[in-house]
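As stored in start_25.csv (CSV, N, CA and C atoms):
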chain,number,residue,atom,x,y,z
Q,23,MET,N,120.2,-50.2,82.6
Q,23,MET,CA,119.2,-49.7,81.7
Q,23,MET,C,120.0,-49.5,80.3
Q,24,ASP,N,119.3,-49.9,79.3
Q,24,ASP,CA,120.0,-49.8,78.0
Q,24,ASP,C,120.0,-48.3,77.5
Q,25,ARG,N,120.8,-48.0,76.5
Q,25,ARG,CA,121.0,-46.6,76.1
Q,25,ARG,C,119.7,-46.0,75.6
Q,26,GLU,N,119.0,-46.7,74.8
Q,26,GLU,CA,117.8,-46.2,74.2
Q,26,GLU,C,116.7,-45.8,75.3
Q,27,THR,N,116.5,-46.7,76.2
Q,27,THR,CA,115.6,-46.4,77.3
Q,27,THR,C,116.1,-45.2,78.1
Q,28,ARG,N,117.4,-45.2,78.4
Q,28,ARG,CA,118.0,-44.0,79.2
Q,28,ARG,C,117.7,-42.7,78.4
Q,29,LEU,N,118.0,-42.7,77.1
Q,29,LEU,CA,117.8,-41.5,76.3
Q,29,LEU,C,116.3,-41.1,76.3
Q,30,LYS,N,115.4,-42.0,76.2
Q,30,LYS,CA,114.0,-41.7,76.2
Q,30,LYS,C,113.6,-41.0,77.5
Q,31,ARG,N,114.1,-41.6,78.6
Q,31,ARG,CA,113.8,-41.0,79.9
Q,31,ARG,C,114.4,-39.6,80.1
Q,32,LEU,N,115.6,-39.4,79.6
Q,32,LEU,CA,116.2,-38.1,79.6
Q,32,LEU,C,115.4,-37.1,78.8
Q,33,ARG,N,115.0,-37.5,77.6
Q,33,ARG,CA,114.2,-36.6,76.7
Q,33,ARG,C,112.9,-36.2,77.4
Q,34,PHE,N,112.2,-37.1,78.1
Q,34,PHE,CA,111.0,-36.7,78.8
Q,34,PHE,C,111.4,-35.7,79.9
Q,35,ARG,N,112.4,-36.0,80.7
Q,35,ARG,CA,112.8,-35.0,81.7
Q,35,ARG,C,113.2,-33.7,81.2
Q,36,ALA,N,113.9,-33.7,80.0
Q,36,ALA,CA,114.3,-32.4,79.4
Q,36,ALA,C,113.2,-31.6,78.9
Q,37,TRP,N,112.1,-32.2,78.5
Q,37,TRP,CA,111.0,-31.5,77.9
Q,37,TRP,C,109.8,-31.2,78.9
Q,38,HIS,N,110.0,-31.6,80.1
Q,38,HIS,CA,109.0,-31.4,81.2
Q,38,HIS,C,109.6,-30.8,82.4
Q,39,ARG,N,110.1,-29.6,82.2
Q,39,ARG,CA,110.8,-28.9,83.3
Q,39,ARG,C,109.9,-28.1,84.1
Q,40,GLY,N,108.8,-27.6,83.6
Q,40,GLY,CA,107.9,-26.8,84.4
Q,40,GLY,C,107.6,-25.4,83.8
Q,41,THR,N,108.6,-24.9,82.9
Q,41,THR,CA,108.3,-23.7,82.2
Q,41,THR,C,108.6,-23.9,80.8
Q,42,LYS,N,107.9,-23.1,79.9
Q,42,LYS,CA,108.2,-23.2,78.5
Q,42,LYS,C,109.6,-22.9,78.1
Q,43,GLU,N,110.1,-21.8,78.8
Q,43,GLU,CA,111.5,-21.4,78.5
Q,43,GLU,C,112.5,-22.5,78.8
Q,44,ALA,N,112.4,-23.1,79.9
Q,44,ALA,CA,113.3,-24.2,80.3
Q,44,ALA,C,113.1,-25.4,79.3
Q,45,ASP,N,111.9,-25.7,79.0
Q,45,ASP,CA,111.6,-26.8,78.1
Q,45,ASP,C,112.3,-26.6,76.7
Q,46,LEU,N,112.2,-25.4,76.2
Q,46,LEU,CA,112.8,-25.0,74.9
Q,46,LEU,C,114.3,-25.1,75.0
Q,47,MET,N,114.9,-24.6,76.1
Q,47,MET,CA,116.3,-24.5,76.2
Q,47,MET,C,116.9,-25.9,76.5
Q,48,ILE,N,116.4,-26.6,77.5
Q,48,ILE,CA,117.0,-27.8,77.9
Q,48,ILE,C,116.5,-29.0,77.0
Q,49,GLY,N,115.3,-29.0,76.6
Q,49,GLY,CA,114.8,-30.0,75.7
Q,49,GLY,C,115.3,-29.8,74.3
Q,50,GLY,N,115.4,-28.6,73.9
Q,50,GLY,CA,116.0,-28.3,72.5
Q,50,GLY,C,117.4,-28.7,72.4
Q,51,PHE,N,118.2,-28.5,73.5
Q,51,PHE,CA,119.6,-29.0,73.5
Q,51,PHE,C,119.6,-30.5,73.4
Q,52,PHE,N,118.8,-31.2,74.1
Q,52,PHE,CA,118.7,-32.6,74.0
Q,52,PHE,C,118.4,-33.1,72.6
Q,53,ASP,N,117.4,-32.5,72.0
Q,53,ASP,CA,117.0,-32.9,70.7
Q,53,ASP,C,118.1,-32.7,69.6
Q,54,ARG,N,118.8,-31.6,69.8
Q,54,ARG,CA,119.8,-31.2,68.8
Q,54,ARG,C,121.0,-32.1,68.9
Q,55,PHE,N,121.5,-32.5,70.1
Q,55,PHE,CA,122.8,-33.1,70.2
Q,55,PHE,C,122.8,-34.6,70.7
Q,56,SER,N,121.7,-35.1,71.3
Q,56,SER,CA,121.8,-36.3,72.0
Q,56,SER,C,122.1,-37.6,71.2
Q,57,GLU,N,121.8,-37.6,69.9
Q,57,GLU,CA,122.0,-38.7,69.1
Q,57,GLU,C,123.5,-39.1,69.0
Q,58,ARG,N,124.4,-38.1,69.2
Q,58,ARG,CA,125.8,-38.4,69.0
Q,58,ARG,C,126.5,-38.4,70.4
Q,59,TRP,N,125.8,-38.4,71.5
Q,59,TRP,CA,126.5,-38.3,72.8
Q,59,TRP,C,127.1,-39.7,73.1
Q,60,SER,N,128.3,-39.6,73.8
Q,60,SER,CA,128.9,-40.7,74.4
Q,60,SER,C,128.3,-41.0,75.7
Q,61,ASP,N,128.7,-42.1,76.3
Q,61,ASP,CA,128.1,-42.5,77.6
Q,61,ASP,C,128.5,-41.4,78.6
Q,62,ALA,N,129.7,-40.9,78.5
Q,62,ALA,CA,130.1,-39.8,79.5
Q,62,ALA,C,129.3,-38.5,79.3
Q,63,GLU,N,129.0,-38.2,78.1
Q,63,GLU,CA,128.1,-37.0,77.8
Q,63,GLU,C,126.7,-37.3,78.3
Q,64,ILE,N,126.2,-38.5,78.2
Q,64,ILE,CA,124.9,-38.8,78.7
Q,64,ILE,C,124.9,-38.6,80.3
Q,65,ASP,N,126.0,-39.1,80.9
Q,65,ASP,CA,126.1,-39.0,82.3
Q,65,ASP,C,126.1,-37.5,82.7
Q,66,TRP,N,126.8,-36.7,81.9
Q,66,TRP,CA,126.9,-35.2,82.2
Q,66,TRP,C,125.5,-34.6,82.1
Q,67,TYR,N,124.8,-34.9,81.1
Q,67,TYR,CA,123.4,-34.4,80.9
Q,67,TYR,C,122.5,-34.8,82.0
Q,68,GLU,N,122.6,-36.1,82.4
Q,68,GLU,CA,121.8,-36.6,83.4
Q,68,GLU,C,122.0,-35.9,84.7
Q,69,ALA,N,123.3,-35.6,85.0
Q,69,ALA,CA,123.6,-34.8,86.2
Q,69,ALA,C,123.1,-33.4,86.1
Q,70,LEU,N,123.2,-32.8,84.9
Q,70,LEU,CA,122.7,-31.4,84.7
Q,70,LEU,C,121.2,-31.4,85.0
Q,71,LEU,N,120.5,-32.4,84.6
Q,71,LEU,CA,119.0,-32.3,84.8
Q,71,LEU,C,118.6,-32.4,86.3
Q,72,GLU,N,119.6,-32.7,87.2
Q,72,GLU,CA,119.3,-32.7,88.6
Q,72,GLU,C,119.4,-31.3,89.2
Q,73,GLU,N,119.9,-30.3,88.4
Q,73,GLU,CA,120.1,-28.9,88.8
Q,73,GLU,C,118.8,-28.2,88.6
Q,74,GLN,N,118.7,-27.0,89.3
Q,74,GLN,CA,117.5,-26.2,89.1
Q,74,GLN,C,117.5,-25.5,87.7
Q,75,ASP,N,116.3,-25.4,87.2
Q,75,ASP,CA,116.2,-24.7,85.9
Q,75,ASP,C,116.8,-23.3,85.8
Q,76,VAL,N,116.6,-22.5,86.8
Q,76,VAL,CA,117.1,-21.2,86.8
Q,76,VAL,C,118.6,-21.2,86.8
Q,77,ASP,N,119.3,-22.2,87.4
Q,77,ASP,CA,120.7,-22.3,87.4
Q,77,ASP,C,121.2,-22.7,86.0
Q,78,ILE,N,120.6,-23.7,85.4
Q,78,ILE,CA,120.9,-24.2,84.1
Q,78,ILE,C,120.8,-23.1,83.1
Q,79,MET,N,119.7,-22.4,83.1
Q,79,MET,CA,119.4,-21.3,82.2
Q,79,MET,C,120.5,-20.2,82.4
Q,80,ALA,N,120.8,-19.8,83.6
Q,80,ALA,CA,121.8,-18.8,83.9
Q,80,ALA,C,123.1,-19.2,83.3
Q,81,TRP,N,123.5,-20.4,83.5
Q,81,TRP,CA,124.8,-20.9,82.9
Q,81,TRP,C,124.8,-20.9,81.4
Q,82,ALA,N,123.6,-21.3,80.8
Q,82,ALA,CA,123.5,-21.3,79.4
Q,82,ALA,C,123.6,-19.9,78.7
Q,83,ILE,N,123.1,-18.9,79.4
Q,83,ILE,CA,123.1,-17.6,78.8
Q,83,ILE,C,124.3,-16.8,79.3
Q,84,GLY,N,125.1,-17.3,80.2
Q,84,GLY,CA,126.2,-16.6,80.7
Q,84,GLY,C,126.0,-15.6,81.8
Q,85,ALA,N,124.8,-15.7,82.4
Q,85,ALA,CA,124.5,-14.8,83.5
Q,85,ALA,C,125.1,-15.2,84.8
Q,86,ALA,N,125.5,-16.5,84.9
Q,86,ALA,CA,126.2,-17.0,86.1
Q,86,ALA,C,127.3,-17.9,85.7
Q,87,ALA,N,128.3,-17.9,86.6
Q,87,ALA,CA,129.5,-18.8,86.4
Q,87,ALA,C,129.1,-20.2,86.4
Q,88,VAL,N,129.6,-21.0,85.5
Q,88,VAL,CA,129.3,-22.4,85.4
Q,88,VAL,C,130.2,-23.2,86.4
Q,89,PRO,N,129.6,-24.0,87.2
Q,89,PRO,CA,130.4,-24.8,88.2
Q,89,PRO,C,131.3,-25.7,87.4
Q,90,GLU,N,132.4,-26.0,88.0
Q,90,GLU,CA,133.5,-26.8,87.4
Q,90,GLU,C,133.0,-28.1,86.9
Q,91,ARG,N,132.1,-28.8,87.6
Q,91,ARG,CA,131.6,-30.1,87.2
Q,91,ARG,C,130.8,-30.0,85.9
Q,92,PHE,N,130.3,-28.8,85.5
Q,92,PHE,CA,129.6,-28.7,84.2
Q,92,PHE,C,130.3,-27.9,83.2
Q,93,ALA,N,131.5,-27.4,83.5
Q,93,ALA,CA,132.2,-26.6,82.5
Q,93,ALA,C,132.8,-27.6,81.4
Q,94,GLY,N,133.0,-27.1,80.2
Q,94,GLY,CA,133.5,-27.9,79.2
Q,94,GLY,C,132.8,-27.8,77.9
Q,95,GLU,N,133.0,-28.7,77.0
Q,95,GLU,CA,132.5,-28.7,75.6
Q,95,GLU,C,130.9,-28.7,75.6
Q,96,MET,N,130.3,-29.5,76.4
Q,96,MET,CA,128.9,-29.6,76.5
Q,96,MET,C,128.2,-28.3,76.8
Q,97,MET,N,128.8,-27.7,77.9
Q,97,MET,CA,128.2,-26.4,78.3
Q,97,MET,C,128.5,-25.3,77.2
Q,98,ARG,N,129.6,-25.4,76.6
Q,98,ARG,CA,130.0,-24.4,75.5
Q,98,ARG,C,128.9,-24.5,74.4
Q,99,LYS,N,128.5,-25.8,74.0
Q,99,LYS,CA,127.5,-26.0,73.0
Q,99,LYS,C,126.1,-25.4,73.5
Q,100,MET,N,125.9,-25.6,74.8
Q,100,MET,CA,124.6,-25.1,75.4
Q,100,MET,C,124.6,-23.5,75.4
Q,101,ASN,N,125.8,-22.9,75.6
Q,101,ASN,CA,125.9,-21.5,75.5
Q,101,ASN,C,125.6,-20.9,74.2
Q,102,GLU,N,125.8,-21.6,73.1
Q,102,GLU,CA,125.5,-21.1,71.8
Q,102,GLU,C,124.1,-20.8,71.5
Q,103,LEU,N,123.2,-21.5,72.1
Q,103,LEU,CA,121.7,-21.3,72.0
Q,103,LEU,C,121.2,-21.4,70.6
Q,104,ASN,N,121.9,-22.0,69.7
Q,104,ASN,CA,121.5,-22.1,68.3
Q,104,ASN,C,120.7,-23.3,68.0
Q,105,TYR,N,120.3,-24.0,69.1
Q,105,TYR,CA,119.5,-25.3,68.9
Q,105,TYR,C,118.1,-25.1,69.3
Q,106,ILE,N,117.7,-23.9,69.7
Q,106,ILE,CA,116.3,-23.7,70.1
Q,106,ILE,C,115.4,-23.3,68.9
Q,107,LYS,N,114.4,-24.1,68.7
Q,107,LYS,CA,113.4,-23.8,67.6
Q,107,LYS,C,112.1,-23.4,68.2
Q,108,HIS,N,111.8,-22.2,67.9
Q,108,HIS,CA,110.5,-21.7,68.5
Q,108,HIS,C,109.3,-22.3,67.7
Q,109,PRO,N,108.4,-22.8,68.4
Q,109,PRO,CA,107.2,-23.4,67.8
Q,109,PRO,C,106.4,-22.4,67.0
Q,110,GLU,N,106.0,-22.7,65.8
Q,110,GLU,CA,105.2,-21.8,65.0
Q,110,GLU,C,103.8,-21.6,65.5

Go ahead and render the structure in this file as structure tokens.
Amino acid sequence: MDRETRLKRLRFRAWHRGTKEADLMIGGFFDRFSERWSDAEIDWYEALLEEQDVDIMAWAIGAAAVPERFAGEMMRKMNELNYIKHPE
């Protein structure tokens, strides 16, 4: 699958998680950073989307320890939470 199609699919998955909070956090992260992602970072995000929303959100806000496979720069950026734009 080409990069553009892959990113479109990931964006859809990121913004259709099932709760507004997860959509804002996970989808907002995608919108803020995805344009500059390497293939490895896309792989990381794709794997992250396979996890439960409650786990992703707990890792992002620091309420739970981040598993080794997700630890690193991408999760550090997700921990900052400065990418969420609340709809007006």

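The list of residues with at least one atom within 9 Å of stretch 31-37 of chain Q, based on only C-alpha atoms and without residues fewer than 3 positions apart in the same chain, reads Glu26, Thr27, Arg28, Gly40, Lys42, Ala44, Asp45, Leu46, Met47, Ile48, Gly49, Gly50, Phe51, Phe52, Asp53, Ser56, Ile64, Tyr67, Glu68 and Leu71 of chain Q.
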
Check your understanding: For Q:Ser60, which residue among Q:Met96, Q:Val88, Q:Ile106, Q:Ile83 is the nearest when counting only C-alpha atoms?
Key ->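 Nearest candidate to Q:Ser60 out of Q:Met96, Q:Val88, Q:Ile106, Q:Ile83: Q:Met96.
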
Review point. For the atom pair atom C of Q:Met100 and atom C of Q:Trp81, what is the interatomic distance in Å to one decimal place?
Key: 6.5 Å

**Study point:** For atom N of Q:Glu63 and atom N of Q:Phe92, the interatomic separation in Å (one decimal)
**Key:**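 Distance between the two atoms: 12.0 Å.
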
Review point. Atom CA of Q:Arg54 and atom N of Q:Asp77, how far apart in Å?
Key: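 We find that atom N of Q:Asp77 and atom CA of Q:Arg54 lie 20.7 Å from each other.
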
**Study point:** Backbone-only DSSP, helix (DSSP H, G or I) members of chain Q, as number ranges by chain
**Key:** Q: 25-37, 42-58, 61-70, 75-83, 90-92, 95-102

Study note, to complete from the structure: Restricting to only C-alpha atoms, whichever of Q:Asp24, Q:Tyr105, Q:Thr41, Q:Glu95 is closest to Q:Gln74 is Q:Thr41

Check your understanding: Looking at all atoms listed in the file, which of Q:Asp75, Q:Phe55, Q:Ala62, Q:Pro89 is the one that sits closest to Q:Arg39?
Key -> Q:Asp75
